[in-house]
Every structure is written in C-alpha cells, then in structure tokens.
Number of protein chains: 2
Amino acid sequence: MRTLEHPKPEDFSLDAVLSALADPIRRMIVCRLAEGYHEQACLSFGLPVGKSTSTHHFRVLREAGIIEQRYQGTAILNSLRTADLEARFPGLLPAVLASAQPATP
Amino acid sequence: MRTLEHPKPEDFSLDAVLSALADPIRRMIVCRLAEGYHEQACLSFGLPVGKSTSTHHFRVLREAGIIEQRYQGTAILNSLRTADLEARFPGLLPAVLASAQPATP
DNA sequence: CGGCTTGTACGAACACTGTCGTACTAGACG
DNA sequence: CGTCTAGTACGACAGTGTTCGTACAAGCCG
C-alpha cells in the first residue's frame, strides 16, 4: 500500500497555508471538502484543469497540512484537517471558508 | 496634492487579499500596523529590502484593500483598513494576525 | 492475463513575482 | 533657488508557480 507524507501540526507554516489558500482552484477543493464532499476521489471534483494539474494542487494542499489524503485502492480519499488547522491557526480556515462562499443560494 | 487609488470594500477580492498576506514581508508590514505603528512613513519600517521593493509591497497591500495610504508632504502615512476588511471578510485579518505572531514574549 | 480507472513523474512552455539599481518627481526646508 | 527626503517609474533578472501532454505505475475487475 502506498503512503503519503503529511506534515505534523507543529510543522505547519502560515506562509504555506496562505499561499495554498490563495489559489482559486485550491479554494474550490477546500470548499467542496468543507461542504461534505469528504472521501471523494481527486478526479471526481470536476475541476476545470487537467489531471496533472489536479495532482499538483492536491499535493500543495496536503504538504501545507490543509488536507489529508489516503489511498483506497488506486483512488485517494481526501478530507480536511479541520482540527489540526484550528489548533495551529485558530479561526483562519473558518474565516476563509465563510468569505469564499458569497453565493450560497 | 497627489492622491492614491483605493478599492471600495465591495470590490475586495479574496484572491488578492490572501495573495497579499501570503508574503512574509507584507505580513511584517501588516503586523507592525496592527501593533500600533499607524501613521508611519513607508521607509521607517526598516524592512529588509530596497526602496523600490518596499514601494511594491505597499502598493500590493493598498490595491488589495488591506491598507490605506495618504500623502503627507512627500511621505505616506499608512494605516490598516481594519473595519473594511472585517465587513468584507469577517475574522480573516484577526486570524492571520494571531497566527503571525507566535513569538510574542 | 488484459483492460480499466486513478493517480504520479517528468519535461516544457509560459506567466507572474520579488528583487534590485538607476533615474526621476513631489514636496519640505534652509 | 538649491538641497534633502520620501517615494515612484522603469527595465532587468532570477526564481517560482500553473498549466499541459505524454508516458508510466498500482490496484481493481472481467
């Protein structure tokens, strides 16, 4: 079984987290996960980019500590590291999420 | 008297704000302003970069709506647009500020 | 086994960003 | 008026980030 490296909460860098969240496509991923799209394969998000680019964005999020990825067969299940983020940067993720969805009908 | 353009709160973009805050030097500026260094000239921040680079960073912050700049003679007085930011992206700036100062002895 | 799905690796192209130095402008001050 | 200070404009440069296509690997399923 392949494994993926994840940073520990004490190694999170504000720089990496803010840079990661500054990209619209990555915010799209984070918003989907926050809305309950947990445990979905990367490609099932229907992102407006190619496969390689998708891989790239998910890796950036993982290496910043924002998401957790684990293999299930050939697919990868993604979830938000809500608790770890809240412990390290309190209020940051909720604020971004709240601001990122101005059009919630 | 020279004037500087500032975006209106309804024109703030989360993208621009997060990108602006993702840079360490710009976070340094924002933290100083938050600590009460209001009304200080740009160059008096003692940033570890040249004059042109300093100008660049202050402009990025202004164009994202994070700071307000107004001329006083040849100098520029800077201040945080705390209220405007709070209205548009509630909780975002406080969260970043709190996370950006882990070493407050 | 052979094919299908899901994701990765790698290289290339391209744009953007941060940085600097130099030359310049606007205002203050003598 | 001359000089000083604070900042801007511009061009250049290196580094980085996003994107893609193609080729490849790892598991599932028939």
# chains A, B, ... in the order shown; residues from 1 in each chain; ligands from 1
>>> select_by_dssp(residues="chain B", states="strand (DSSP E)", output="list in words")
Ile67, Glu68, Gln69, Arg70, Tyr71, Gln72, Ala75, Ile76, Leu77, Asn78, Ser79 and Leu80 of chain B
>>> write_last_selection(atoms="all heavy atoms", output="CSV table (one decimal), in the first residue's frame")
chain,number,residue,atom,x,y,z
B,67,ILE,N,-4.5,48.1,3.3
B,67,ILE,CA,-4.1,49.3,4.0
B,67,ILE,C,-4.6,50.5,3.3
B,67,ILE,O,-5.0,50.5,2.1
B,67,ILE,CB,-2.5,49.4,4.1
B,67,ILE,CG1,-1.9,49.5,2.7
B,67,ILE,CG2,-1.9,48.2,4.9
B,67,ILE,CD1,-0.4,49.7,2.7
B,68,GLU,N,-4.6,51.6,4.0
B,68,GLU,CA,-4.9,52.9,3.4
B,68,GLU,C,-3.6,53.8,3.4
B,68,GLU,O,-2.9,53.8,4.4
B,68,GLU,CB,-6.0,53.6,4.2
B,68,GLU,CG,-6.7,54.7,3.5
B,68,GLU,CD,-6.9,55.9,4.4
B,68,GLU,OE1,-7.1,55.7,5.6
B,68,GLU,OE2,-6.8,57.1,3.9
B,69,GLN,N,-3.4,54.4,2.3
B,69,GLN,CA,-2.2,55.3,2.3
B,69,GLN,C,-2.6,56.7,1.9
B,69,GLN,O,-3.3,56.9,0.9
B,69,GLN,CB,-1.2,54.8,1.2
B,69,GLN,CG,-0.7,53.4,1.5
B,69,GLN,CD,0.4,53.0,0.5
B,69,GLN,OE1,0.3,52.8,-0.7
B,69,GLN,NE2,1.6,53.0,1.1
B,70,ARG,N,-2.1,57.7,2.6
B,70,ARG,CA,-2.3,59.0,2.2
B,70,ARG,C,-1.1,59.9,2.4
B,70,ARG,O,-0.3,59.7,3.3
B,70,ARG,CB,-3.5,59.6,2.9
B,70,ARG,CG,-3.4,59.8,4.4
B,70,ARG,CD,-4.5,60.6,4.9
B,70,ARG,NE,-4.0,61.4,6.1
B,70,ARG,CZ,-3.9,60.8,7.3
B,70,ARG,NH1,-4.2,59.5,7.5
B,70,ARG,NH2,-3.5,61.5,8.3
B,71,TYR,N,-0.9,60.8,1.4
B,71,TYR,CA,0.3,61.6,1.4
B,71,TYR,C,0.2,62.6,2.5
B,71,TYR,O,-0.8,63.2,2.8
B,71,TYR,CB,0.4,62.3,0.1
B,71,TYR,CG,1.2,61.5,-1.0
B,71,TYR,CD1,0.5,60.8,-2.0
B,71,TYR,CD2,2.5,61.3,-0.9
B,71,TYR,CE1,1.1,60.0,-2.9
B,71,TYR,CE2,3.2,60.6,-1.9
B,71,TYR,CZ,2.5,59.9,-2.9
B,71,TYR,OH,3.1,59.2,-3.8
B,72,GLN,N,1.4,62.9,3.1
B,72,GLN,CA,1.6,64.0,4.0
B,72,GLN,C,2.9,64.6,3.6
B,72,GLN,O,4.0,64.1,4.1
B,72,GLN,CB,1.6,63.5,5.5
B,72,GLN,CG,2.0,64.6,6.4
B,72,GLN,CD,1.0,64.7,7.5
B,72,GLN,OE1,-0.1,64.1,7.6
B,72,GLN,NE2,1.2,65.6,8.4
B,75,ALA,N,6.0,62.2,2.3
B,75,ALA,CA,5.8,60.9,3.0
B,75,ALA,C,4.4,60.4,2.8
B,75,ALA,O,3.5,61.1,2.4
B,75,ALA,CB,6.2,61.1,4.5
B,76,ILE,N,4.3,59.1,3.2
B,76,ILE,CA,3.0,58.4,3.1
B,76,ILE,C,2.7,57.9,4.4
B,76,ILE,O,3.5,57.2,5.0
B,76,ILE,CB,3.0,57.3,2.0
B,76,ILE,CG1,3.0,57.9,0.6
B,76,ILE,CG2,1.8,56.4,2.2
B,76,ILE,CD1,2.9,56.9,-0.5
B,77,LEU,N,1.5,58.2,4.9
B,77,LEU,CA,1.0,57.6,6.2
B,77,LEU,C,0.2,56.4,5.9
B,77,LEU,O,-0.7,56.4,5.1
B,77,LEU,CB,0.2,58.7,6.9
B,77,LEU,CG,1.0,60.0,7.2
B,77,LEU,CD1,0.2,60.9,8.1
B,77,LEU,CD2,2.4,59.7,7.8
B,78,ASN,N,0.5,55.3,6.6
B,78,ASN,CA,-0.2,54.0,6.3
B,78,ASN,C,-1.0,53.7,7.5
B,78,ASN,O,-0.6,53.9,8.6
B,78,ASN,CB,0.9,52.9,6.1
B,78,ASN,CG,1.8,53.2,5.0
B,78,ASN,OD1,1.5,53.0,3.8
B,78,ASN,ND2,3.0,53.8,5.2
B,79,SER,N,-2.2,53.1,7.2
B,79,SER,CA,-3.0,52.5,8.3
B,79,SER,C,-3.7,51.3,7.8
B,79,SER,O,-4.0,51.2,6.6
B,79,SER,CB,-3.9,53.6,8.8
B,79,SER,OG,-4.5,54.3,7.8
B,80,LEU,N,-4.1,50.5,8.7
B,80,LEU,CA,-4.9,49.3,8.3
B,80,LEU,C,-6.3,49.6,8.1
B,80,LEU,O,-6.9,50.4,8.8
B,80,LEU,CB,-4.8,48.2,9.5
B,80,LEU,CG,-3.6,47.3,9.5
B,80,LEU,CD1,-3.8,46.3,10.7
B,80,LEU,CD2,-3.6,46.5,8.2
>>> interface_residues(of="chain D", to="chain B", cutoff="12 Å", atoms="only C-alpha atoms (C1' of nucleotides)", output="ChimeraX atom specification")
/D:4-10
>>> interface_residues(of="chain A", to="chain B", cutoff="7 Å", atoms="only C-alpha atoms", output="list in words")
Asp15, Leu18, Ser19, Ala22, Asp23, Pro24, Phe89, Pro90, Gly91, Leu92, Ala95, Val96 and Ser99 of chain A
>>> residues_around(residues="DC29 of chain D", least_positions_apart="3", cutoff="12 Å", atoms="only C-alpha atoms (C1' of nucleotides)", output="mmCIF file with N, CA, C and O atoms (P, O5', C5', C4', C3', O3' and C1' of nucleotides), in the first residue's frame")
data_model
loop_
_atom_site.group_PDB
_atom_site.id
_atom_site.type_symbol
_atom_site.label_atom_id
_atom_site.label_comp_id
_atom_site.auth_asym_id
_atom_site.auth_seq_id
_atom_site.Cartn_x
_atom_site.Cartn_y
_atom_site.Cartn_z
ATOM 1 P P DC C 1 -0.149 -11.894 -16.147
ATOM 2 O "O5'" DC C 1 0.077 -12.597 -17.538
ATOM 3 C "C5'" DC C 1 -0.745 -13.795 -17.792
ATOM 4 C "C4'" DC C 1 -1.925 -13.440 -18.673
ATOM 5 C "C3'" DC C 1 -1.843 -12.052 -19.297
ATOM 6 O "O3'" DC C 1 -2.182 -12.107 -20.680
ATOM 7 C "C1'" DC C 1 -3.870 -12.249 -18.043
ATOM 8 P P DG C 2 -1.820 -10.876 -21.661
ATOM 9 O "O5'" DG C 2 -3.104 -9.944 -21.644
ATOM 10 C "C5'" DG C 2 -4.353 -10.460 -22.114
ATOM 11 C "C4'" DG C 2 -5.427 -9.388 -22.023
ATOM 12 C "C3'" DG C 2 -4.971 -8.000 -22.453
ATOM 13 O "O3'" DG C 2 -6.018 -7.392 -23.197
ATOM 14 C "C1'" DG C 2 -5.744 -7.911 -20.231
ATOM 15 P P DG C 3 -5.810 -5.957 -23.861
ATOM 16 O "O5'" DG C 3 -6.797 -5.038 -22.994
ATOM 17 C "C5'" DG C 3 -8.175 -5.415 -22.904
ATOM 18 C "C4'" DG C 3 -8.845 -4.687 -21.760
ATOM 19 C "C3'" DG C 3 -8.778 -3.156 -21.873
ATOM 20 O "O3'" DG C 3 -10.057 -2.638 -21.571
ATOM 21 C "C1'" DG C 3 -8.005 -3.843 -19.757
ATOM 22 P P DC C 4 -10.451 -1.178 -22.057
ATOM 23 O "O5'" DC C 4 -10.812 -0.474 -20.674
ATOM 24 C "C5'" DC C 4 -11.714 -1.127 -19.762
ATOM 25 C "C4'" DC C 4 -11.581 -0.514 -18.380
ATOM 26 C "C3'" DC C 4 -11.387 1.007 -18.406
ATOM 27 O "O3'" DC C 4 -12.471 1.632 -17.733
ATOM 28 C "C1'" DC C 4 -9.820 -0.061 -16.951
ATOM 29 P P DT C 5 -12.564 3.233 -17.730
ATOM 30 O "O5'" DT C 5 -12.074 3.575 -16.251
ATOM 31 C "C5'" DT C 5 -12.529 2.765 -15.169
ATOM 32 C "C4'" DT C 5 -11.799 3.143 -13.891
ATOM 33 C "C3'" DT C 5 -11.617 4.643 -13.695
ATOM 34 O "O3'" DT C 5 -11.962 4.987 -12.368
ATOM 35 C "C1'" DT C 5 -9.535 3.544 -13.529
#
>>> residues_around(residues="His6 of chain B", least_positions_apart="6", cutoff="8 Å", atoms="only C-alpha atoms (C1' of nucleotides)", output="PyMOL selection string")
chain B and resi 62-63+65+68
>>> residues_around(residues="DG17 of chain D", least_positions_apart="2", cutoff="10 Å", atoms="only C-alpha atoms (C1' of nucleotides)", output="PDB file with N, CA, C and O atoms (P, O5', C5', C4', C3', O3' and C1' of nucleotides), in the first residue's frame")
ATOM      1  P    DA C  15       2.992  34.066 -21.918  1.00  0.00           P
ATOM      2  O5'  DA C  15       2.584  34.366 -20.404  1.00  0.00           O
ATOM      3  C5'  DA C  15       1.495  33.630 -19.833  1.00  0.00           C
ATOM      4  C4'  DA C  15       1.467  33.832 -18.334  1.00  0.00           C
ATOM      5  C3'  DA C  15       1.643  35.297 -17.925  1.00  0.00           C
ATOM      6  O3'  DA C  15       0.709  35.600 -16.906  1.00  0.00           O
ATOM      7  C1'  DA C  15       3.296  33.944 -16.873  1.00  0.00           C
ATOM      8  P    DC C  16       0.472  37.129 -16.478  1.00  0.00           P
ATOM      9  O5'  DC C  16       0.905  37.119 -14.952  1.00  0.00           O
ATOM     10  C5'  DC C  16       0.630  35.958 -14.172  1.00  0.00           C
ATOM     11  C4'  DC C  16       1.575  35.880 -13.009  1.00  0.00           C
ATOM     12  C3'  DC C  16       1.826  37.233 -12.335  1.00  0.00           C
ATOM     13  O3'  DC C  16       1.479  37.104 -10.970  1.00  0.00           O
ATOM     14  C1'  DC C  16       3.850  36.054 -12.680  1.00  0.00           C
ATOM     15  P    DT C  17       1.530  38.409 -10.011  1.00  0.00           P
ATOM     16  O5'  DT C  17       2.852  38.146  -9.151  1.00  0.00           O
ATOM     17  C5'  DT C  17       3.242  36.821  -8.857  1.00  0.00           C
ATOM     18  C4'  DT C  17       4.448  36.834  -7.934  1.00  0.00           C
ATOM     19  C3'  DT C  17       4.657  38.109  -7.147  1.00  0.00           C
ATOM     20  O3'  DT C  17       5.091  37.765  -5.861  1.00  0.00           O
ATOM     21  C1'  DT C  17       6.550  37.712  -8.538  1.00  0.00           C
TER      22       DT C  17
ATOM     23  P    DG D  15      18.270  31.844  -9.530  1.00  0.00           P
ATOM     24  O5'  DG D  15      16.810  31.636  -8.912  1.00  0.00           O
ATOM     25  C5'  DG D  15      16.388  32.456  -7.826  1.00  0.00           C
ATOM     26  C4'  DG D  15      14.888  32.299  -7.631  1.00  0.00           C
ATOM     27  C3'  DG D  15      14.419  30.835  -7.615  1.00  0.00           C
ATOM     28  O3'  DG D  15      13.759  30.596  -6.389  1.00  0.00           O
ATOM     29  C1'  DG D  15      13.099  32.171  -9.106  1.00  0.00           C
ATOM     30  P    DT D  19      -3.811  26.308 -12.840  1.00  0.00           P
ATOM     31  O5'  DT D  19      -3.391  25.618 -14.211  1.00  0.00           O
ATOM     32  C5'  DT D  19      -3.272  26.409 -15.378  1.00  0.00           C
ATOM     33  C4'  DT D  19      -2.511  25.677 -16.447  1.00  0.00           C
ATOM     34  C3'  DT D  19      -2.957  24.235 -16.683  1.00  0.00           C
ATOM     35  O3'  DT D  19      -4.010  24.202 -17.645  1.00  0.00           O
ATOM     36  C1'  DT D  19      -0.580  24.540 -16.893  1.00  0.00           C
TER      37       DT D  19
END
>>> interface_residues(of="chain C", to="chain B", cutoff="10 Å", atoms="only C-alpha atoms (C1' of nucleotides)", output="VMD selection string")
chain C and resid 18 to 21 26 to 28
>>> select_by_dssp(residues="chain A", states="helix (DSSP H, G or I)", output="NGL selection string")
:A and (9-11 or 14-21 or 24-34 or 42-45 or 51-64 or 82-88 or 92-100)
>>> write_last_selection(atoms="C-alpha atoms", output="PDB file, in the first residue's frame")
ATOM      1  CA  PRO A   9       0.650  20.334  13.025  1.00  0.00           C
ATOM      2  CA  GLU A  10       3.674  21.881  14.728  1.00  0.00           C
ATOM      3  CA  ASP A  11       5.405  21.992  11.354  1.00  0.00           C
ATOM      4  CA  LEU A  14       1.484  30.152   7.843  1.00  0.00           C
ATOM      5  CA  ASP A  15       3.278  31.003   4.662  1.00  0.00           C
ATOM      6  CA  ALA A  16       2.474  27.665   3.073  1.00  0.00           C
ATOM      7  CA  VAL A  17      -1.133  27.691   4.271  1.00  0.00           C
ATOM      8  CA  LEU A  18      -1.861  31.195   2.994  1.00  0.00           C
ATOM      9  CA  SER A  19      -0.120  30.533  -0.312  1.00  0.00           C
ATOM     10  CA  ALA A  20      -2.109  27.353  -0.719  1.00  0.00           C
ATOM     11  CA  LEU A  21      -5.394  29.099   0.019  1.00  0.00           C
ATOM     12  CA  PRO A  24      -8.840  29.822  -6.596  1.00  0.00           C
ATOM     13  CA  ILE A  25      -8.761  26.195  -7.675  1.00  0.00           C
ATOM     14  CA  ARG A  26      -7.383  25.075  -4.351  1.00  0.00           C
ATOM     15  CA  ARG A  27     -10.015  27.103  -2.511  1.00  0.00           C
ATOM     16  CA  MET A  28     -12.576  25.328  -4.687  1.00  0.00           C
ATOM     17  CA  ILE A  29     -11.255  21.986  -3.440  1.00  0.00           C
ATOM     18  CA  VAL A  30     -11.257  23.122   0.167  1.00  0.00           C
ATOM     19  CA  CYS A  31     -14.800  24.468  -0.114  1.00  0.00           C
ATOM     20  CA  ARG A  32     -16.056  21.207  -1.569  1.00  0.00           C
ATOM     21  CA  LEU A  33     -14.471  19.254   1.239  1.00  0.00           C
ATOM     22  CA  ALA A  34     -15.971  21.625   3.794  1.00  0.00           C
ATOM     23  CA  CYS A  42      -9.452  13.676  -6.575  1.00  0.00           C
ATOM     24  CA  LEU A  43     -10.709  13.474 -10.134  1.00  0.00           C
ATOM     25  CA  SER A  44     -14.359  13.347  -9.109  1.00  0.00           C
ATOM     26  CA  PHE A  45     -14.234  17.012  -8.148  1.00  0.00           C
ATOM     27  CA  LYS A  51      -5.118  15.507 -14.445  1.00  0.00           C
ATOM     28  CA  SER A  52      -1.522  16.528 -13.779  1.00  0.00           C
ATOM     29  CA  THR A  53      -2.531  19.963 -12.622  1.00  0.00           C
ATOM     30  CA  SER A  54      -5.106  18.414 -10.326  1.00  0.00           C
ATOM     31  CA  THR A  55      -2.453  16.195  -8.766  1.00  0.00           C
ATOM     32  CA  HIS A  56      -0.285  19.259  -8.269  1.00  0.00           C
ATOM     33  CA  HIS A  57      -2.967  21.220  -6.413  1.00  0.00           C
ATOM     34  CA  PHE A  58      -3.894  18.353  -4.140  1.00  0.00           C
ATOM     35  CA  ARG A  59      -0.250  17.876  -3.267  1.00  0.00           C
ATOM     36  CA  VAL A  60       0.187  21.548  -2.397  1.00  0.00           C
ATOM     37  CA  LEU A  61      -2.801  21.327  -0.074  1.00  0.00           C
ATOM     38  CA  ARG A  62      -1.503  18.162   1.538  1.00  0.00           C
ATOM     39  CA  GLU A  63       2.008  19.494   2.041  1.00  0.00           C
ATOM     40  CA  ALA A  64       0.616  22.641   3.640  1.00  0.00           C
ATOM     41  CA  THR A  82     -10.034  20.862  10.329  1.00  0.00           C
ATOM     42  CA  ALA A  83      -8.936  20.141  13.880  1.00  0.00           C
ATOM     43  CA  ASP A  84      -5.207  20.369  13.193  1.00  0.00           C
ATOM     44  CA  LEU A  85      -5.660  23.673  11.381  1.00  0.00           C
ATOM     45  CA  GLU A  86      -7.836  25.066  14.124  1.00  0.00           C
ATOM     46  CA  ALA A  87      -5.252  24.140  16.716  1.00  0.00           C
ATOM     47  CA  ARG A  88      -2.417  25.774  14.827  1.00  0.00           C
ATOM     48  CA  LEU A  92      -8.236  31.022   9.879  1.00  0.00           C
ATOM     49  CA  LEU A  93      -9.904  28.266   7.919  1.00  0.00           C
ATOM     50  CA  PRO A  94     -13.445  29.172   9.030  1.00  0.00           C
ATOM     51  CA  ALA A  95     -12.830  32.786   8.022  1.00  0.00           C
ATOM     52  CA  VAL A  96     -11.600  31.793   4.590  1.00  0.00           C
ATOM     53  CA  LEU A  97     -14.453  29.372   4.094  1.00  0.00           C
ATOM     54  CA  ALA A  98     -17.021  31.952   5.117  1.00  0.00           C
ATOM     55  CA  SER A  99     -15.534  34.522   2.750  1.00  0.00           C
ATOM     56  CA  ALA A 100     -15.137  32.103  -0.111  1.00  0.00           C
TER      57      ALA A 100
END
>>> decode(residues="segment 9-21 of chain A", atoms="N, CA, C and O atoms", output="PDB file, in the first residue's frame")
ATOM      1  N   PRO A   9       1.210  18.997  12.765  1.00  0.00           N
ATOM      2  CA  PRO A   9       0.650  20.334  13.025  1.00  0.00           C
ATOM      3  C   PRO A   9       1.705  21.341  13.463  1.00  0.00           C
ATOM      4  O   PRO A   9       1.649  22.503  13.059  1.00  0.00           O
ATOM      5  N   GLU A  10       2.670  20.917  14.254  1.00  0.00           N
ATOM      6  CA  GLU A  10       3.674  21.881  14.728  1.00  0.00           C
ATOM      7  C   GLU A  10       4.614  22.300  13.606  1.00  0.00           C
ATOM      8  O   GLU A  10       5.367  23.259  13.763  1.00  0.00           O
ATOM      9  N   ASP A  11       4.560  21.602  12.475  1.00  0.00           N
ATOM     10  CA  ASP A  11       5.405  21.992  11.354  1.00  0.00           C
ATOM     11  C   ASP A  11       4.654  22.821  10.312  1.00  0.00           C
ATOM     12  O   ASP A  11       5.233  23.210   9.297  1.00  0.00           O
ATOM     13  N   PHE A  12       3.373  23.065  10.551  1.00  0.00           N
ATOM     14  CA  PHE A  12       2.618  23.886   9.618  1.00  0.00           C
ATOM     15  C   PHE A  12       3.253  25.267   9.520  1.00  0.00           C
ATOM     16  O   PHE A  12       3.705  25.816  10.518  1.00  0.00           O
ATOM     17  N   SER A  13       3.264  25.821   8.322  1.00  0.00           N
ATOM     18  CA  SER A  13       3.792  27.170   8.133  1.00  0.00           C
ATOM     19  C   SER A  13       2.673  28.068   7.609  1.00  0.00           C
ATOM     20  O   SER A  13       1.959  27.714   6.667  1.00  0.00           O
ATOM     21  N   LEU A  14       2.532  29.218   8.259  1.00  0.00           N
ATOM     22  CA  LEU A  14       1.484  30.152   7.843  1.00  0.00           C
ATOM     23  C   LEU A  14       1.681  30.556   6.388  1.00  0.00           C
ATOM     24  O   LEU A  14       0.722  30.705   5.626  1.00  0.00           O
ATOM     25  N   ASP A  15       2.939  30.681   6.034  1.00  0.00           N
ATOM     26  CA  ASP A  15       3.278  31.003   4.662  1.00  0.00           C
ATOM     27  C   ASP A  15       2.697  29.982   3.687  1.00  0.00           C
ATOM     28  O   ASP A  15       2.042  30.334   2.707  1.00  0.00           O
ATOM     29  N   ALA A  16       2.945  28.720   3.968  1.00  0.00           N
ATOM     30  CA  ALA A  16       2.474  27.665   3.073  1.00  0.00           C
ATOM     31  C   ALA A  16       0.952  27.618   3.040  1.00  0.00           C
ATOM     32  O   ALA A  16       0.347  27.457   1.971  1.00  0.00           O
ATOM     33  N   VAL A  17       0.328  27.770   4.203  1.00  0.00           N
ATOM     34  CA  VAL A  17      -1.133  27.691   4.271  1.00  0.00           C
ATOM     35  C   VAL A  17      -1.769  28.839   3.490  1.00  0.00           C
ATOM     36  O   VAL A  17      -2.682  28.626   2.672  1.00  0.00           O
ATOM     37  N   LEU A  18      -1.272  30.057   3.696  1.00  0.00           N
ATOM     38  CA  LEU A  18      -1.861  31.195   2.994  1.00  0.00           C
ATOM     39  C   LEU A  18      -1.599  31.101   1.488  1.00  0.00           C
ATOM     40  O   LEU A  18      -2.482  31.402   0.680  1.00  0.00           O
ATOM     41  N   SER A  19      -0.401  30.684   1.118  1.00  0.00           N
ATOM     42  CA  SER A  19      -0.120  30.533  -0.312  1.00  0.00           C
ATOM     43  C   SER A  19      -1.045  29.494  -0.923  1.00  0.00           C
ATOM     44  O   SER A  19      -1.558  29.682  -2.031  1.00  0.00           O
ATOM     45  N   ALA A  20      -1.243  28.410  -0.200  1.00  0.00           N
ATOM     46  CA  ALA A  20      -2.109  27.353  -0.719  1.00  0.00           C
ATOM     47  C   ALA A  20      -3.529  27.875  -0.908  1.00  0.00           C
ATOM     48  O   ALA A  20      -4.170  27.631  -1.934  1.00  0.00           O
ATOM     49  N   LEU A  21      -4.012  28.618   0.079  1.00  0.00           N
ATOM     50  CA  LEU A  21      -5.394  29.099   0.019  1.00  0.00           C
ATOM     51  C   LEU A  21      -5.548  30.285  -0.936  1.00  0.00           C
ATOM     52  O   LEU A  21      -6.679  30.678  -1.246  1.00  0.00           O
TER      53      LEU A  21
END
